[in-house]
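Novice: File name structure_35.cif; file contents mmCIF, C-alpha atoms and all ligand atoms; full text below.
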```cif
data_my_file
#
loop_
_atom_site.label_atom_id
_atom_site.label_comp_id
_atom_site.auth_asym_id
_atom_site.auth_seq_id
_atom_site.Cartn_x
_atom_site.Cartn_y
_atom_site.Cartn_z
CA MET H 192 45.01 3.17 23.31
CA ASN H 193 42.53 4.86 25.64
CA ARG H 194 38.92 4.88 24.63
CA LEU H 195 38.16 7.58 22.08
CA THR H 196 35.80 10.32 23.16
CA ALA H 197 32.69 10.94 21.06
CA ASP H 198 34.29 14.14 19.72
CA GLU H 199 37.55 12.38 18.77
CA LEU H 200 35.57 9.72 16.93
CA GLU H 201 33.51 12.36 15.17
CA ASP H 202 36.70 14.27 14.31
CA ILE H 203 38.18 11.18 12.60
CA LYS H 204 34.98 10.62 10.62
CA GLN H 205 34.77 14.24 9.54
CA ARG H 206 38.41 14.20 8.41
CA ASN H 207 37.73 11.05 6.35
CA PRO H 208 34.69 11.43 4.10
CA ILE H 209 33.52 7.90 3.28
CA SER H 210 33.41 8.62 -0.47
CA ASP H 211 37.16 9.46 -0.46
CA VAL H 212 38.13 6.42 1.59
CA ALA H 213 35.97 4.03 -0.47
CA ALA H 214 37.30 5.52 -3.74
CA GLY H 215 40.78 4.46 -2.60
CA TYR H 216 39.61 0.82 -2.55
CA THR H 217 37.38 0.55 -5.61
CA LYS H 218 36.12 2.46 -8.65
CA LEU H 219 32.83 4.16 -7.86
CA ARG H 220 30.23 5.84 -10.02
CA ARG H 221 27.46 8.14 -8.90
CA SER H 222 23.89 6.93 -9.21
CA GLY H 223 21.12 9.02 -7.69
CA GLY H 224 21.96 9.80 -4.08
CA LYS H 225 24.64 7.09 -3.74
CA LEU H 226 27.92 5.76 -5.14
CA LEU H 227 28.13 2.28 -6.68
CA GLY H 228 31.01 0.01 -7.63
CA PRO H 229 32.42 -3.50 -7.36
CA CYS H 230 32.90 -4.59 -3.76
CA PRO H 231 36.63 -4.39 -2.85
CA VAL H 232 36.26 -7.56 -0.76
CA CYS H 233 33.89 -9.99 -2.48
CA GLY H 234 33.92 -8.40 -5.95
CA GLY H 235 30.12 -7.93 -6.12
CA ARG H 236 29.71 -6.48 -9.62
CA VAL H 237 29.07 -2.89 -10.70
CA SER H 238 26.14 -3.98 -12.84
CA SER H 239 24.37 -5.46 -9.86
CA GLY H 240 25.09 -2.28 -7.87
CA ARG H 241 25.88 -4.40 -4.87
CA PHE H 242 28.51 -2.28 -3.14
CA GLU H 243 27.01 1.04 -2.18
CA VAL H 244 28.27 4.16 -0.41
CA PHE H 245 25.84 6.73 0.98
CA GLU H 246 27.31 10.18 1.47
CA LYS H 247 24.20 11.48 3.17
CA ASP H 248 24.73 9.46 6.33
CA GLN H 249 28.37 8.52 5.65
CA SER H 250 27.68 4.79 5.50
CA TRP H 251 28.41 1.83 3.21
CA ALA H 252 26.89 -1.57 2.55
CA CYS H 253 27.70 -4.69 0.51
CA TYR H 254 24.53 -6.55 -0.48
CA ALA H 255 26.44 -9.27 -2.37
CA PHE H 256 28.45 -11.91 -0.52
CA CYS H 257 29.73 -9.81 2.40
CA SER H 258 26.22 -8.84 3.39
CA THR H 259 27.41 -6.24 5.86
CA GLY H 260 27.98 -2.50 6.19
CA GLY H 261 28.59 0.36 8.58
CA ASP H 262 30.58 3.58 8.91
CA VAL H 263 33.95 4.63 7.50
CA ILE H 264 35.86 2.90 10.32
CA SER H 265 34.09 -0.42 9.79
CA LEU H 266 34.81 -0.07 6.05
CA VAL H 267 38.56 0.09 6.73
CA GLN H 268 38.28 -2.85 9.16
CA HIS H 269 36.34 -4.88 6.60
CA VAL H 270 38.55 -4.19 3.57
CA GLU H 271 41.90 -4.38 5.36
CA SER H 272 40.71 -7.10 7.76
CA CYS H 273 42.16 -5.22 10.68
CA ASP H 274 40.82 -4.32 14.10
CA PHE H 275 39.28 -1.04 15.22
CA ARG H 276 42.56 0.32 16.65
CA VAL H 277 44.48 -0.23 13.38
CA ALA H 278 41.60 1.22 11.34
CA ILE H 279 41.76 4.39 13.43
CA GLU H 280 45.52 4.66 12.78
CA ARG H 281 44.96 4.18 9.02
CA LEU H 282 42.52 7.09 9.11
CA GLY H 283 45.10 9.45 10.58
CA GLY H 284 44.70 8.49 14.21
CA ARG H 285 43.64 10.46 17.23
CA VAL H 286 44.39 14.18 17.15
CA GLU H 287 44.39 16.65 20.04
CA ILE H 288 41.07 18.50 19.92
CA ASP H 289 41.08 22.11 21.08
CA ALA H 290 38.02 24.20 21.91
CA ALA H 291 37.80 25.70 18.41
CA ARG H 292 37.89 22.28 16.73
CA GLN H 293 35.37 20.96 19.25
CA ARG H 294 33.07 23.80 18.26
CA GLU H 295 33.53 22.94 14.55
CA ILE H 296 32.79 19.28 15.14
CA PHE H 297 29.63 20.20 17.01
CA GLU H 298 28.52 22.63 14.30
CA GLU H 299 29.11 20.09 11.56
CA ARG H 300 27.21 17.36 13.41
CA GLU H 301 24.31 19.71 14.08
CA ARG H 302 24.28 20.89 10.48
CA LYS H 303 24.01 17.30 9.26
CA ARG H 304 21.36 16.42 11.79
CA LEU H 305 19.23 19.43 10.81
CA ALA H 306 19.70 18.77 7.09
CA GLN H 307 18.57 15.18 7.52
CA GLU H 308 15.58 16.22 9.58
CA LYS H 309 14.56 18.84 7.06
CA ASN H 310 14.88 16.41 4.18
CA SER H 311 12.54 13.88 5.59
CA ALA H 312 8.93 13.77 4.58
CA ASP H 313 8.05 13.29 8.24
CA TYR H 314 9.52 16.65 9.02
CA ARG H 315 7.55 18.33 6.24
CA GLU H 316 4.31 16.77 7.36
CA ALA H 317 5.01 17.76 10.97
CA GLU H 318 5.67 21.33 9.83
CA ARG H 319 2.46 21.38 7.81
CA LYS H 320 0.54 20.32 10.91
CA ARG H 321 2.27 22.95 13.06
CA LEU H 322 1.36 25.61 10.50
CA PHE H 323 -2.20 24.32 10.35
CA ARG H 324 -2.49 24.66 14.14
CA ALA H 325 -1.34 28.29 13.86
CA TRP H 326 -3.96 28.82 11.14
CA LYS H 327 -6.73 27.29 13.27
CA GLY H 328 -5.67 29.54 16.15
CA ALA H 329 -5.98 32.69 14.04
CA VAL H 330 -9.14 34.83 13.80
CA PRO H 331 -11.10 36.00 10.72
CA ILE H 332 -9.42 39.05 9.23
CA HIS H 333 -12.30 41.56 9.30
CA GLY H 334 -11.97 44.23 11.99
CA THR H 335 -8.39 43.29 12.91
CA VAL H 336 -4.99 45.00 12.68
CA ALA H 337 -4.43 43.07 9.43
CA ALA H 338 -7.62 44.53 7.96
CA ALA H 339 -6.45 48.00 9.05
CA TYR H 340 -3.14 47.36 7.29
CA LEU H 341 -4.92 46.51 4.02
CA GLU H 342 -7.35 49.43 4.37
CA GLY H 343 -4.36 51.72 4.93
CA ARG H 344 -3.12 50.64 1.51
CA GLY H 345 -6.46 51.59 -0.04
CA LEU H 346 -7.58 47.99 -0.36
CA VAL H 347 -11.12 46.70 0.11
CA LEU H 348 -11.63 43.26 1.64
CA PRO H 349 -14.36 41.03 0.19
CA ASP H 350 -17.18 40.32 2.68
CA ARG H 351 -16.06 36.72 2.76
CA CYS H 352 -12.31 36.20 2.58
CA PRO H 353 -11.64 32.62 3.74
CA GLY H 354 -7.96 32.59 2.78
CA LEU H 355 -6.86 35.41 5.09
CA ARG H 356 -6.76 35.51 8.89
CA PHE H 357 -5.08 37.42 11.68
CA LEU H 358 -2.87 36.27 14.53
CA PRO H 359 -2.25 38.83 17.33
CA SER H 360 1.15 37.34 18.09
CA ARG H 361 3.43 35.22 15.93
CA ALA H 362 7.13 34.51 16.47
CA TYR H 363 9.60 35.35 13.69
CA PHE H 364 12.62 33.05 13.51
CA HIS H 365 15.94 33.82 11.86
CA GLY H 366 19.16 31.81 12.09
CA ASP H 367 19.94 29.40 14.93
CA GLU H 368 20.89 29.45 18.57
CA ILE H 369 22.03 26.77 21.02
CA ASP H 370 19.53 26.03 23.78
CA GLU H 371 20.39 25.09 27.39
CA ARG H 372 20.58 21.39 26.48
CA GLY H 373 23.16 22.15 23.76
CA LYS H 374 20.68 21.57 20.93
CA LYS H 375 20.60 23.87 17.92
CA MET H 376 17.25 25.64 17.67
CA PRO H 377 15.76 28.30 15.38
CA ARG H 378 16.34 31.74 16.91
CA GLU H 379 13.33 33.92 17.65
CA ILE H 380 14.22 37.54 16.87
CA HIS H 381 10.77 39.15 16.71
CA LYS H 382 7.24 38.53 17.87
CA GLY H 383 4.18 40.47 16.83
CA PRO H 384 0.86 40.63 14.99
CA ALA H 385 0.75 38.90 11.62
CA MET H 386 -1.57 38.52 8.65
CA LEU H 387 -1.83 34.88 7.59
CA GLY H 388 -2.74 33.50 4.18
CA ALA H 389 -3.55 29.78 3.86
CA PHE H 390 -2.26 27.86 0.84
CA ILE H 391 -4.81 25.32 -0.39
CA ARG H 392 -3.23 22.37 -2.19
CA PRO H 393 -4.64 20.85 -5.40
CA ASP H 394 -6.10 18.01 -3.29
CA GLY H 395 -8.07 20.61 -1.32
CA LYS H 396 -5.97 20.26 1.85
CA PHE H 397 -4.10 22.95 3.75
CA GLY H 398 -0.53 23.14 2.43
CA GLY H 399 1.23 25.99 4.20
CA LEU H 400 1.19 29.61 5.33
CA HIS H 401 1.97 33.00 3.87
CA MET H 402 2.83 35.30 6.79
CA THR H 403 3.17 39.09 6.89
CA TRP H 404 4.36 40.63 10.16
CA LEU H 405 2.75 43.97 10.98
CA THR H 406 3.33 46.83 13.36
CA SER H 407 0.92 49.58 14.43
CA LEU H 408 1.79 53.12 15.37
CA GLY H 409 -1.42 54.78 16.54
CA ASP H 410 -3.93 54.13 13.76
CA VAL H 411 -1.30 53.49 11.14
CA VAL H 412 -0.43 49.86 10.45
CA THR H 413 2.58 48.99 8.31
CA LYS H 414 4.74 45.98 7.60
CA ALA H 415 7.00 45.31 10.59
CA GLU H 416 10.62 46.38 10.33
CA ILE H 417 12.53 43.30 11.45
CA VAL H 418 16.26 43.70 11.89
CA ASP H 419 18.85 40.93 12.03
CA PRO H 420 20.41 41.47 15.50
CA ASP H 421 23.83 40.33 14.23
CA SER H 422 24.22 42.09 10.88
CA GLY H 423 21.76 44.98 11.29
CA GLU H 424 20.27 43.97 7.92
CA ILE H 425 16.53 44.58 7.45
CA LEU H 426 14.81 41.25 6.89
CA PRO H 427 11.69 40.62 4.78
CA ALA H 428 8.46 41.05 6.76
CA LYS H 429 6.92 38.24 4.69
CA LYS H 430 7.60 34.53 4.81
CA MET H 431 6.09 31.49 3.13
CA ARG H 432 6.32 28.17 4.93
CA GLY H 433 5.13 24.66 4.14
CA SER H 434 4.27 23.55 0.63
CA LYS H 435 2.83 26.00 -1.87
CA THR H 436 3.47 24.01 -5.06
CA GLY H 437 0.24 23.99 -7.04
CA ALA H 438 -1.47 25.70 -4.09
CA TYR H 439 -3.19 29.09 -3.85
CA ILE H 440 -4.55 31.56 -1.29
CA ALA H 441 -8.27 32.13 -1.75
CA ILE H 442 -9.02 35.86 -1.60
CA VAL H 443 -12.49 35.20 -3.04
CA LEU H 444 -13.49 31.53 -3.11
CA LEU H 445 -16.32 30.25 -5.29
CA GLU H 446 -17.50 26.68 -5.80
CA GLU H 447 -17.70 26.94 -9.59
CA PRO H 448 -16.35 30.32 -10.72
CA ARG H 449 -16.94 31.35 -14.33
CA ARG H 450 -14.17 33.94 -14.08
CA LEU H 451 -10.91 33.66 -12.15
CA VAL H 452 -8.22 36.27 -11.43
CA ILE H 453 -4.79 35.01 -10.33
CA GLY H 454 -1.82 37.12 -9.24
CA GLU H 455 1.36 36.63 -7.25
CA GLY H 456 0.86 38.57 -4.03
CA ILE H 457 -2.11 39.05 -1.73
CA GLU H 458 -1.98 42.85 -2.10
CA THR H 459 -1.76 42.60 -5.91
CA VAL H 460 -4.88 40.49 -6.15
CA LEU H 461 -6.74 42.66 -3.63
CA SER H 462 -5.80 45.76 -5.64
CA VAL H 463 -7.53 44.39 -8.71
CA TYR H 464 -10.51 43.23 -6.64
CA THR H 465 -10.75 46.73 -5.12
CA ALA H 466 -10.56 48.48 -8.49
CA MET H 467 -13.34 46.30 -9.93
CA HIS H 468 -15.45 46.57 -6.78
CA GLN H 469 -15.15 50.36 -6.74
CA ALA H 470 -15.99 50.53 -10.44
CA GLY H 471 -19.27 48.81 -9.55
CA ARG H 472 -18.51 45.70 -11.61
CA ASP H 473 -20.58 42.57 -11.09
CA LEU H 474 -18.26 40.12 -9.34
CA ASP H 475 -20.76 37.37 -8.46
CA ASP H 476 -19.13 34.71 -10.64
CA MET H 477 -15.53 35.85 -10.16
CA ALA H 478 -12.96 34.15 -7.90
CA PHE H 479 -9.64 35.75 -6.86
CA TRP H 480 -6.51 33.75 -5.99
CA ALA H 481 -2.98 34.67 -4.89
CA ALA H 482 -0.34 32.13 -5.98
CA GLY H 483 2.44 33.38 -3.67
CA ASP H 484 5.02 33.83 -6.40
CA LEU H 485 5.45 33.87 -10.16
CA GLY H 486 6.90 30.34 -10.38
CA ASN H 487 3.91 28.88 -8.61
CA LEU H 488 1.46 30.92 -10.69
CA ALA H 489 2.96 29.75 -13.98
CA GLY H 490 4.19 26.27 -13.03
CA ARG H 491 7.47 24.65 -14.06
CA ALA H 492 9.04 25.40 -17.46
CA ASN H 493 10.22 22.69 -19.88
CA LYS H 494 13.71 24.26 -19.91
CA THR H 495 15.60 27.47 -19.19
CA ILE H 496 16.59 30.03 -21.82
CA ALA H 497 19.16 32.82 -21.92
CA HIS H 498 18.00 36.24 -20.76
CA PRO H 499 18.39 38.74 -23.67
CA THR H 500 20.36 41.29 -21.63
CA LEU H 501 21.01 40.20 -18.02
CA LYS H 502 24.43 38.65 -17.39
CA ARG H 503 25.79 36.58 -14.54
CA PRO H 504 28.97 37.78 -12.75
CA ASN H 505 31.02 35.45 -15.02
CA GLY H 506 29.71 37.21 -18.16
CA GLN H 507 27.41 34.35 -19.20
CA PRO H 508 23.76 35.22 -19.87
CA GLN H 509 21.37 34.84 -16.95
CA ARG H 510 19.14 31.75 -17.43
CA VAL H 511 15.39 32.09 -16.88
CA PRO H 512 12.49 29.60 -17.15
CA ASP H 513 11.15 29.25 -20.71
CA ARG H 514 7.79 30.33 -22.21
CA PHE H 515 6.68 26.69 -22.58
CA PRO H 516 5.37 24.55 -19.71
CA ASP H 517 6.82 21.26 -18.49
CA PRO H 518 3.94 18.88 -19.32
CA ASP H 519 4.69 16.79 -16.21
CA ASP H 520 3.79 19.67 -13.90
CA PRO H 521 0.06 20.46 -13.81
CA GLY H 522 0.65 23.84 -12.12
CA LEU H 523 -2.43 25.25 -10.40
CA LYS H 524 -5.65 23.28 -10.66
CA ILE H 525 -8.00 25.65 -12.49
CA PRO H 526 -11.66 24.65 -12.00
CA ASP H 527 -13.34 23.31 -15.15
CA SER H 528 -16.04 25.95 -14.79
CA VAL H 529 -13.58 28.80 -15.54
CA GLU H 530 -14.30 30.38 -18.95
CA GLU H 531 -12.33 33.56 -18.37
CA LEU H 532 -8.91 33.49 -16.75
CA VAL H 533 -7.10 36.73 -15.92
CA LEU H 534 -3.39 36.49 -15.06
CA LEU H 535 -1.79 39.47 -13.32
CA GLY H 536 1.83 40.38 -14.05
CA ASP H 537 3.42 42.94 -11.75
CA GLY H 538 5.42 45.71 -13.40
CA ASP H 539 7.94 45.68 -10.56
CA SER H 540 9.11 42.13 -11.32
CA GLU H 541 11.84 41.55 -13.91
CA PRO H 542 9.98 42.16 -17.23
CA PHE H 543 11.41 39.32 -19.35
CA LEU H 544 11.05 36.75 -16.57
CA THR H 545 7.46 37.88 -15.95
CA GLU H 546 6.59 37.84 -19.65
CA CYS H 547 7.89 34.25 -20.03
CA ALA H 548 6.00 33.13 -16.93
CA MET H 549 2.74 34.70 -18.13
CA GLU H 550 3.02 33.07 -21.56
CA ARG H 551 3.83 29.75 -19.93
CA ALA H 552 0.78 30.04 -17.68
CA ALA H 553 -1.44 30.97 -20.65
CA ARG H 554 -0.26 27.88 -22.56
CA ARG H 555 -0.64 25.64 -19.53
CA TYR H 556 -4.14 26.74 -18.56
CA GLY H 557 -5.51 27.37 -22.05
CA ARG H 558 -8.27 25.14 -23.39
CA GLU H 559 -11.25 25.09 -25.74
CA GLY H 560 -13.90 27.57 -24.63
CA ARG H 561 -11.67 29.45 -22.17
CA SER H 562 -10.29 32.92 -22.82
CA ILE H 563 -7.06 33.97 -21.13
CA ARG H 564 -6.13 37.56 -20.51
CA ILE H 565 -2.77 38.74 -19.24
CA ALA H 566 -2.86 42.07 -17.44
CA PHE H 567 0.40 43.89 -16.74
CA ALA H 568 0.75 46.72 -14.28
CA PRO H 569 2.68 49.66 -15.83
CA ALA H 570 6.49 49.24 -15.81
CA GLY H 571 8.04 49.67 -12.37
CA LEU H 572 4.71 49.54 -10.53
CA ASP H 573 2.61 46.83 -9.01
CA PHE H 574 -1.18 46.97 -9.08
CA ASN H 575 -1.27 48.36 -5.56
CA ASP H 576 0.87 51.36 -6.62
CA VAL H 577 -1.54 51.98 -9.49
CA LEU H 578 -4.51 51.84 -7.14
CA ARG H 579 -2.93 54.18 -4.60
CA ALA H 580 -2.10 56.71 -7.31
CA ALA H 581 -5.67 56.65 -8.63
ZN ZN H 601 31.19 -7.57 -0.75
#
```
Could I get this structure in the form of structure tokens?
Ligand SMILES: [Zn+2]
Specialist:
Amino acid sequence: MNRLTADELEDIKQRNPISDVAAGYTKLRRSGGKLLGPCPVCGGRVSSGRFEVFEKDQSWACYAFCSTGGDVISLVQHVESCDFRVAIERLGGRVEIDAARQREIFEERERKRLAQEKNSADYREAERKRLFRAWKGAVPIHGTVAAAYLEGRGLVLPDRCPGLRFLPSRAYFHGDEIDERGKKMPREIHKGPAMLGAFIRPDGKFGGLHMTWLTSLGDVVTKAEIVDPDSGEILPAKKMRGSKTGAYIAIVLLEEPRRLVIGEGIETVLSVYTAMHQAGRDLDDMAFWAAGDLGNLAGRANKTIAHPTLKRPNGQPQRVPDRFPDPDDPGLKIPDSVEELVLLGDGDSEPFLTECAMERAARRYGREGRSIRIAFAPAGLDFNDVLRAA
């Protein structure tokens, strides 16, 4: 037999998932991210979990008497005590690979490589640092295109707004493309000015970015219309990247606020700030945060419950997070100094889902000596609509 090419080898492995091949030799049970069972060679027991199969990287290992491991081909060699050539034959042998199959093999390998990279904590930390560099490279928001965008929506920016900045040019990625070295890379489909919001983690560190791409036509600044070049579909002008769990964007940041207003979106929170500012209210002891989304504002639920009316395509009720918090998730870290907490629910979000989330947040953040108020924008509107109609 001639030497197998890398693609032929990959083809054999892809046609023979290690979990299927191993299941033909021994009885396996799933445990966490791996499969366990007695070793088909040395009999290492189930209870000791000594024979393990990892689907994630298509490998196996026996930690009992064999003390060895490898890929699906080495598994066949080991169990059937045969050589490489025979193992290949057992796995269906070499098959002619045409251009289409070659493409598939490549895609599959790239997909796995990217998935592994994304899963790793290293990757997340590297992304956080990349986002932080973008944040450091951005300028304060006042007097920029981003400020003009907010002003155009009738919003007033606080004199100090540490959580928002402006970047004159930021790339927007969507889907993948293959670069000249044959590596799969994110595809840049748009580049332009963007408003950035920084997520601050509970430990006080930078966690990630909220990005809104903008476009200006004369004096008028609006959200950018970004179109998928393949499907023609209009893509969201906003993206959140990095980790936002338990993190918030500081619209108004105070060391020890007595009052705190928290909403989902940047514009929502600014709308309420603007309304209070224009009404001449004293805001000296009041902080304003944007949580990014409802789930992050309210924190994890202890379980899901059936939606009273919404159904899934199969006729079953839609499940939504419950009104009670999961005690293991602290949610946002509300400063001890806060005596008055105002939670903003947008009227343009699904009402039942929003109601549950607001109740959950109220239970989670409630404590002796703290009042919690839930403010809902009128049905079908967000606070910015209300402000613009005023
Ligand atoms: Zn063994």
Novice: Between H:Asp350, H:Glu342, H:Asp248, H:Asp517, which has the minimum distance to Ala306 (chain H) (counting all atoms listed in the file)?
Specialist: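 Nearest to Ala306 (chain H): H:Asp248.
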Novice: Need the shell around Val452 (chain H): protein/DNA/RNA residues with any atom at most 7 Å away, counting only C-alpha atoms. Skip same-chain ones fewer than 2 positions apart. Format as JSON, numbers by chain?
Specialist: {"H": [450, 454, 478, 479, 480, 532, 533, 534]}
Novice: My list of candidates is H:Pro377, H:Ile442, H:Met549, H:Val286. Which is closest to Arg356 (chain H) when distances are computed with all atoms listed in the file?
Specialist: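 Selected residue with least distance to Arg356 (chain H): H:Ile442.
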Novice: Enumerate, in order of chain and increasing residue number, the residues of chain H with an atom no farther than 6 Å from ligand ZN 601 (chain H), each with its shortest atom pair and distance in Å to one decimal, counting all atoms listed in the file, as CSV.
Specialist:
```
residue,atom,partner,partner_atom,distance
H:Cys230,CA,H:ZN601,ZN,4.6
H:Val232,CA,H:ZN601,ZN,5.1
H:Cys233,CA,H:ZN601,ZN,4.0
H:Gly234,CA,H:ZN601,ZN,5.9
H:Gly235,CA,H:ZN601,ZN,5.5
H:Cys253,CA,H:ZN601,ZN,4.7
H:Ala255,CA,H:ZN601,ZN,5.3
H:Phe256,CA,H:ZN601,ZN,5.1
H:Cys257,CA,H:ZN601,ZN,4.1
```
Novice: Restricting the calculation to all atoms listed in the file: of H:Val529, H:Ala492, H:Ala339, H:Val244, which residue gets closest to Ser562 (chain H)?
Specialist: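 Closest to Ser562 (chain H), using all atoms listed in the file: H:Val529.
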Novice: Might you pull out every residue within 12 Å of Met467 (chain H), with only C-alpha atoms counted and same-chain residues fewer than 5 positions away left off, and present them as an NGL selection string?
Specialist: :H and (346-347 or 349 or 452 or 460-462 or 472-475 or 477 or 479 or 578)
Novice: Against region 397-413 of chain H, which residues of region 348-386 of chain H fall within 8 Å? For each one I want the closest pair of atoms and the distance in Å (one decimal), counting only C-alpha atoms, rows by chain and increasing residue number, as a tab-separated table.
Specialist:
```
residue	atom	partner	partner_atom	distance
H:Arg361	CA	H:Trp404	CA	8.0
H:Gly383	CA	H:Trp404	CA	6.7
H:Pro384	CA	H:Leu405	CA	5.6
H:Ala385	CA	H:Trp404	CA	4.3
H:Met386	CA	H:Thr403	CA	5.1
```
Novice: What lies within 12 Å of region 265-268 of chain H using only C-alpha atoms, ignoring chain neighbours under 3 positions off, as a count of residues only?
Specialist: 40
Novice: Could you jot down the CA of Pro521 (chain H) to CA of Lys494 (chain H) separation for me, Å, one decimal place?
Specialist: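 CA of Lys494 (chain H) lies 15.4 Å from CA of Pro521 (chain H).
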Novice: Please compute the CA of Tyr464 (chain H)-CA of Leu523 (chain H) distance, one decimal, in Å.
Specialist: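 Straight-line distance from CA of Tyr464 (chain H) to CA of Leu523 (chain H) works out to 20.1 Å.
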